[in-house]
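Asks: Starting off with a structure, shown below.
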Amino acid sequence: MSTGIKNGKDHTVNIYIAILFFLFIIPPTISSSANGIKNEKYRVIVIDAGHGGKDPGALGSRSREKDVTLAIALKTGEYIQQNIKNVTVIYTRKDDSTVDLRDRPKIANKANADLFISIHANWASSKNVKGAETYIMGHAKDQANLEVAMNENAVMLREDDYSTKYEGFDPKSSESYIMFSLTQKVFQEQSTDLATKIQKQFRERVNRNDRDVKQAGFWVLYNTKMPSVLVETGFITNPDEEQYLNSKDGQDYLASSIFRACRDYLNEIDSKSGISWEKNQDSDQKNDTLTGTSLQTGEISFMVQVTTSVSKTEIKPENFKGLSEITEIYTQNRFKYAAGNFPDYYEAVNYRKKIDTIYPDAFVIAVKGNKILPLQQALEQKRKTQKN
Ligand SMILES: [Zn+2]
């Protein structure tokens, strides 16, 4: 063995060590932002591609509703994920699988979603009927609207034991629909707002025949606990629209319309609640002190900041709208008060949603030792320690 080869080997090893060293030592640039805590909201949007698997949905002359809805749903999700900050998209299906009607709202509720969008294609006995319409949950004003809901709900008849699963609801009997008029109208205003924005996009950007925002009793909208809409993107029974619904351009345009409506809707909510995407100047991490809930130093935990004040507030439930687990963080001559204490970021996000009605402007912060960390940095660190 010659020394030359040996040296060569050592050299190679040294290079490997150097590369490993740089990989582990150099901090990733994305987490080195020193912006402090941003007043950001994180959102979940559930996109529901109608039908699928055993259930083809409405049939056109050459295509099936389930394929059209899947293509548009996936594109819509892609647009949203790529273009809206801090949003997670969840699909009720991403392929041609069968999903029970009742499981679709459950997926959204379990994810604590902020929006639920069910995507469909319409059916009519006449080939001449065309256009797009968006439904919100409510009492159908006329027979035509009721029939759309009846057709969409009829999917449940394909499921085993549907009568038990759907509490005796008969999708084909108009009497069954009375129960829907008793539904709470908590999200009606927001749902109408989103539906109106979708129709505006359809009409103005992609030149669809606008059949307006409508109401009817859809099972998928009935049980969701968030603003929800059902979009009938066009009639698969109209030859022009069937072609449009199956074309790449048509699907792109429809998906981008739904995405734009979501973006405008979220922007409007944020501007109403005063959310700023700018740097938060008073969140410098110098001289932070922390009292209240005991913290394990060294561990990152997540809390929900509910108030900030120049004067000290005594920590008792009466002073925090009944919340008991409050931590005080003193930084930059201000007292910040945060509720809850979670090892997991998503638990904190869910908790923020739970207290949304009493503290609508609350937001999640990351705390380590006695310091508030920039959220991005905290999530990066957390991810690294979980990997190790
Ligand atoms: Zn449908």
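Note on naming: chains are A, B, ... as they come in the structure tokens, residues start from 1 per chain, ligands start from 1 in the order shown.
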Where does DSSP see alpha helix (DSSP H) in segment 81-267 of chain A, if you list the residues as a PyMOL selection string?
Replies: chain A and resi 81-83+103-110+143-153+162-165+188-204+219-222+239-246+248-267
Asks: Select the residues contacting ligand 1 at a distance of at most 8 Å, based on only C-alpha atoms and all ligand atoms, then format the selection as a list in words.
Replies: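 Sorted by chain and then by number, the residues are Gly50, His51, Gly57, Ala58, Glu65, Lys66, Ile119, His120, Ala121, Asn122, Asn151, Glu152 and Glu232 of chain A.
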Asks: Atoms to include: C-alpha atoms. Write the selected residues as a JSON list (two decimals), in the first residue's frame.
Replies:
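Output (result29.json):
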[["chain", "number", "residue", "atom", "x", "y", "z"],
["A", 50, "GLY", "CA", -67.43, 15.86, -4.01],
["A", 51, "HIS", "CA", -68.21, 12.14, -4.53],
["A", 57, "GLY", "CA", -71.73, 11.75, -8.81],
["A", 58, "ALA", "CA", -73.55, 13.34, -11.74],
["A", 65, "GLU", "CA", -68.56, 14.45, -11.66],
["A", 66, "LYS", "CA", -66.17, 12.72, -9.23],
["A", 119, "ILE", "CA", -66.61, 21.24, -4.78],
["A", 120, "HIS", "CA", -69.22, 19.79, -7.14],
["A", 121, "ALA", "CA", -70.56, 19.83, -10.68],
["A", 122, "ASN", "CA", -74.24, 20.30, -11.32],
["A", 151, "ASN", "CA", -79.27, 15.03, -5.60],
["A", 152, "GLU", "CA", -76.10, 15.74, -3.63],
["A", 232, "GLU", "CA", -71.50, 23.90, -8.10]]
Asks: I want to know what sits within 9 Å of segment 81-91 of chain A, based on only C-alpha atoms, with residues of the same chain fewer than 3 positions away left out; could you give that as a list in words?
Replies: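 Non-adjacent residues within range: Glu40, Lys41, Tyr42, Arg43, Val44, Ile45, Val46, Ile47, Asp48, Ala49, Ala73, Leu74, Thr76, Gly77, Glu78, Lys94, Ile107, Ala108, Ala111, Ala113, Phe259, Cys262 and Arg263 of chain A.
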Asks: What lies within 12 Å of Glu242 of chain A using only C-alpha atoms, ignoring chain neighbours under 5 positions off, as a list of chain:residue names?
Replies: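 My list of contacting residues is A:Ala58, A:Leu59, A:Gly60, A:Ser61, A:Arg62, A:Ser63, A:Arg64, A:Glu65, A:Asp67, A:Val68, A:Ala121, A:Asn122, A:Trp123, A:Lys127, A:Asn128, A:Val129, A:Lys130, A:Gly131, A:Thr233, A:Gly234, A:Phe235, A:Ile236, A:Thr237, A:Ser247, A:Gly250, A:Gln251.
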Asks: What's the separation between atom CA of Ile136 of chain A and atom CA of Trp219 of chain A, in Å to one decimal place?
Replies: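 Atom-to-atom, atom CA of Ile136 of chain A and atom CA of Trp219 of chain A are spaced 11.2 Å apart.
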Asks: Applying 8 Å and only C-alpha atoms, which residues near Asn145 of chain A remain after dropping the ones on its own chain fewer than 4 positions away? List them as a PyMOL selection string.
Replies: chain A and resi 140-141+149+214-216
Asks: At a cut-off of 12 Å, using only C-alpha atoms, what residues contact Phe320 of chain A? Leave out same-chain residues fewer than 5 positions from it and give the result as a ChimeraX atom specification.
Replies: /A:305-308,313-315,325-328,337-340,355,358-359
Asks: Go ahead and dump the residues you just picked, all heavy atoms, as a compact mmCIF listing (two decimals), in the first residue's frame.
Replies:
# COMPACT_ATOMS: atom_id res chain seq x y z
N GLN A 305 -50.93 34.54 23.60
CA GLN A 305 -50.89 35.88 24.20
C GLN A 305 -52.27 36.53 24.06
O GLN A 305 -52.81 36.64 22.96
CB GLN A 305 -49.83 36.73 23.52
CG GLN A 305 -49.67 38.08 24.20
CD GLN A 305 -48.56 38.91 23.61
OE1 GLN A 305 -47.50 38.39 23.29
NE2 GLN A 305 -48.79 40.20 23.47
N VAL A 306 -52.83 36.94 25.19
CA VAL A 306 -54.17 37.51 25.16
C VAL A 306 -54.19 39.02 25.35
O VAL A 306 -55.03 39.71 24.76
CB VAL A 306 -55.12 36.82 26.18
CG1 VAL A 306 -55.43 35.40 25.74
CG2 VAL A 306 -54.53 36.81 27.59
N THR A 307 -53.30 39.54 26.19
CA THR A 307 -53.27 41.00 26.37
C THR A 307 -51.86 41.51 26.59
O THR A 307 -50.95 40.77 26.93
CB THR A 307 -54.10 41.46 27.61
OG1 THR A 307 -53.56 40.83 28.77
CG2 THR A 307 -55.56 41.14 27.48
N THR A 308 -51.69 42.80 26.39
CA THR A 308 -50.45 43.51 26.69
C THR A 308 -50.84 44.76 27.45
O THR A 308 -51.87 45.38 27.14
CB THR A 308 -49.74 43.95 25.39
OG1 THR A 308 -49.55 42.81 24.58
CG2 THR A 308 -48.40 44.58 25.68
N THR A 313 -51.04 43.48 35.87
CA THR A 313 -52.40 43.01 36.18
C THR A 313 -52.28 41.80 37.09
O THR A 313 -51.45 40.93 36.85
CB THR A 313 -53.12 42.57 34.88
OG1 THR A 313 -53.00 43.61 33.91
CG2 THR A 313 -54.59 42.28 35.12
N GLU A 314 -53.08 41.79 38.13
CA GLU A 314 -53.02 40.65 39.03
C GLU A 314 -53.55 39.41 38.31
O GLU A 314 -54.58 39.47 37.62
CB GLU A 314 -53.87 40.91 40.29
CG GLU A 314 -53.56 39.90 41.40
CD GLU A 314 -54.55 40.01 42.56
OE1 GLU A 314 -55.12 41.10 42.76
OE2 GLU A 314 -54.75 38.99 43.24
N ILE A 315 -52.82 38.29 38.47
CA ILE A 315 -53.24 37.08 37.77
C ILE A 315 -54.34 36.36 38.53
O ILE A 315 -54.10 35.68 39.53
CB ILE A 315 -52.05 36.14 37.51
CG1 ILE A 315 -51.07 36.84 36.55
CG2 ILE A 315 -52.51 34.82 36.91
CD1 ILE A 315 -49.83 36.06 36.25
N GLU A 325 -55.17 29.68 33.67
CA GLU A 325 -53.74 29.42 33.49
C GLU A 325 -53.07 30.57 32.71
O GLU A 325 -53.01 30.54 31.48
CB GLU A 325 -53.53 28.09 32.75
CG GLU A 325 -52.12 27.55 32.90
CD GLU A 325 -51.87 26.31 32.04
OE1 GLU A 325 -52.82 25.81 31.42
OE2 GLU A 325 -50.72 25.89 31.98
N ILE A 326 -52.63 31.57 33.43
CA ILE A 326 -52.07 32.77 32.79
C ILE A 326 -50.61 32.94 33.18
O ILE A 326 -50.23 32.75 34.34
CB ILE A 326 -52.87 34.02 33.22
CG1 ILE A 326 -54.32 33.93 32.76
CG2 ILE A 326 -52.21 35.30 32.71
CD1 ILE A 326 -54.55 34.07 31.28
N THR A 327 -49.79 33.28 32.21
CA THR A 327 -48.38 33.56 32.46
C THR A 327 -48.10 35.02 32.14
O THR A 327 -48.58 35.54 31.14
CB THR A 327 -47.49 32.66 31.57
OG1 THR A 327 -47.81 31.30 31.83
CG2 THR A 327 -46.02 32.90 31.83
N GLU A 328 -47.34 35.67 33.03
CA GLU A 328 -46.96 37.06 32.78
C GLU A 328 -45.54 37.10 32.23
O GLU A 328 -44.64 36.46 32.75
CB GLU A 328 -47.03 37.85 34.09
CG GLU A 328 -46.62 39.30 33.95
CD GLU A 328 -46.59 39.98 35.32
OE1 GLU A 328 -47.67 40.41 35.77
OE2 GLU A 328 -45.50 40.05 35.92
N TYR A 337 -49.54 39.06 28.78
CA TYR A 337 -50.20 37.97 29.47
C TYR A 337 -50.60 36.90 28.46
O TYR A 337 -51.24 37.19 27.45
CB TYR A 337 -51.41 38.49 30.25
CG TYR A 337 -50.94 39.40 31.37
CD1 TYR A 337 -50.85 40.78 31.16
CD2 TYR A 337 -50.54 38.87 32.59
CE1 TYR A 337 -50.38 41.61 32.17
CE2 TYR A 337 -50.05 39.69 33.60
CZ TYR A 337 -49.97 41.07 33.39
OH TYR A 337 -49.49 41.88 34.36
N ALA A 338 -50.16 35.67 28.76
CA ALA A 338 -50.41 34.57 27.83
C ALA A 338 -51.18 33.46 28.55
O ALA A 338 -50.93 33.17 29.72
CB ALA A 338 -49.10 34.04 27.28
N ALA A 339 -52.10 32.86 27.84
CA ALA A 339 -52.92 31.79 28.41
C ALA A 339 -52.47 30.43 27.90
O ALA A 339 -51.94 30.33 26.80
CB ALA A 339 -54.39 32.01 28.05
N GLY A 340 -52.67 29.41 28.72
CA GLY A 340 -52.32 28.04 28.32
C GLY A 340 -50.83 27.83 28.31
O GLY A 340 -50.04 28.77 28.41
N ILE A 355 -60.57 30.00 22.42
CA ILE A 355 -60.82 31.25 23.16
C ILE A 355 -61.06 32.42 22.22
O ILE A 355 -61.07 33.57 22.63
CB ILE A 355 -59.68 31.56 24.16
CG1 ILE A 355 -58.34 31.76 23.44
CG2 ILE A 355 -59.57 30.45 25.20
CD1 ILE A 355 -57.26 32.34 24.34
N ILE A 358 -63.73 35.01 23.15
CA ILE A 358 -63.46 35.99 24.22
C ILE A 358 -62.21 36.84 23.93
O ILE A 358 -62.15 37.99 24.32
CB ILE A 358 -63.35 35.32 25.63
CG1 ILE A 358 -62.38 34.14 25.63
CG2 ILE A 358 -64.73 34.90 26.11
CD1 ILE A 358 -62.11 33.61 27.05
N TYR A 359 -61.25 36.26 23.21
CA TYR A 359 -60.05 37.01 22.83
C TYR A 359 -59.78 36.86 21.33
O TYR A 359 -58.89 36.13 20.92
CB TYR A 359 -58.83 36.52 23.62
CG TYR A 359 -58.78 36.98 25.05
CD1 TYR A 359 -58.95 36.09 26.11
CD2 TYR A 359 -58.55 38.33 25.36
CE1 TYR A 359 -58.90 36.53 27.44
CE2 TYR A 359 -58.50 38.76 26.68
CZ TYR A 359 -58.67 37.86 27.72
OH TYR A 359 -58.61 38.29 29.01
Asks: Can you pull out the residues contacting Leu254 of chain A? Cut-off 8 Å, using only C-alpha atoms, and skip same-chain residues under 6 positions away; I want them as a list in words.
Replies: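 Residues near the query, excluding close chain neighbours: Ile72, Phe202, Val206 and Thr233 of chain A.
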Asks: Quote the spacing between atom CA of Phe187 of chain A and atom CA of Phe169 of chain A in Å to one decimal place.
Replies: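 We find that atom CA of Phe187 of chain A and atom CA of Phe169 of chain A lie 22.8 Å from each other.
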Asks: Quick one: DSSP strand (DSSP E or B) residues in segment 142-233 of chain A, as a VMD selection string?
Replies: chain A and resid 210 to 216 228 to 233
Asks: Have a look at atom CA of Gly53 of chain A and atom CA of Tyr79 of chain A and let me know their distance in Å, one decimal.
Replies: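 The value is 24.6 Å.
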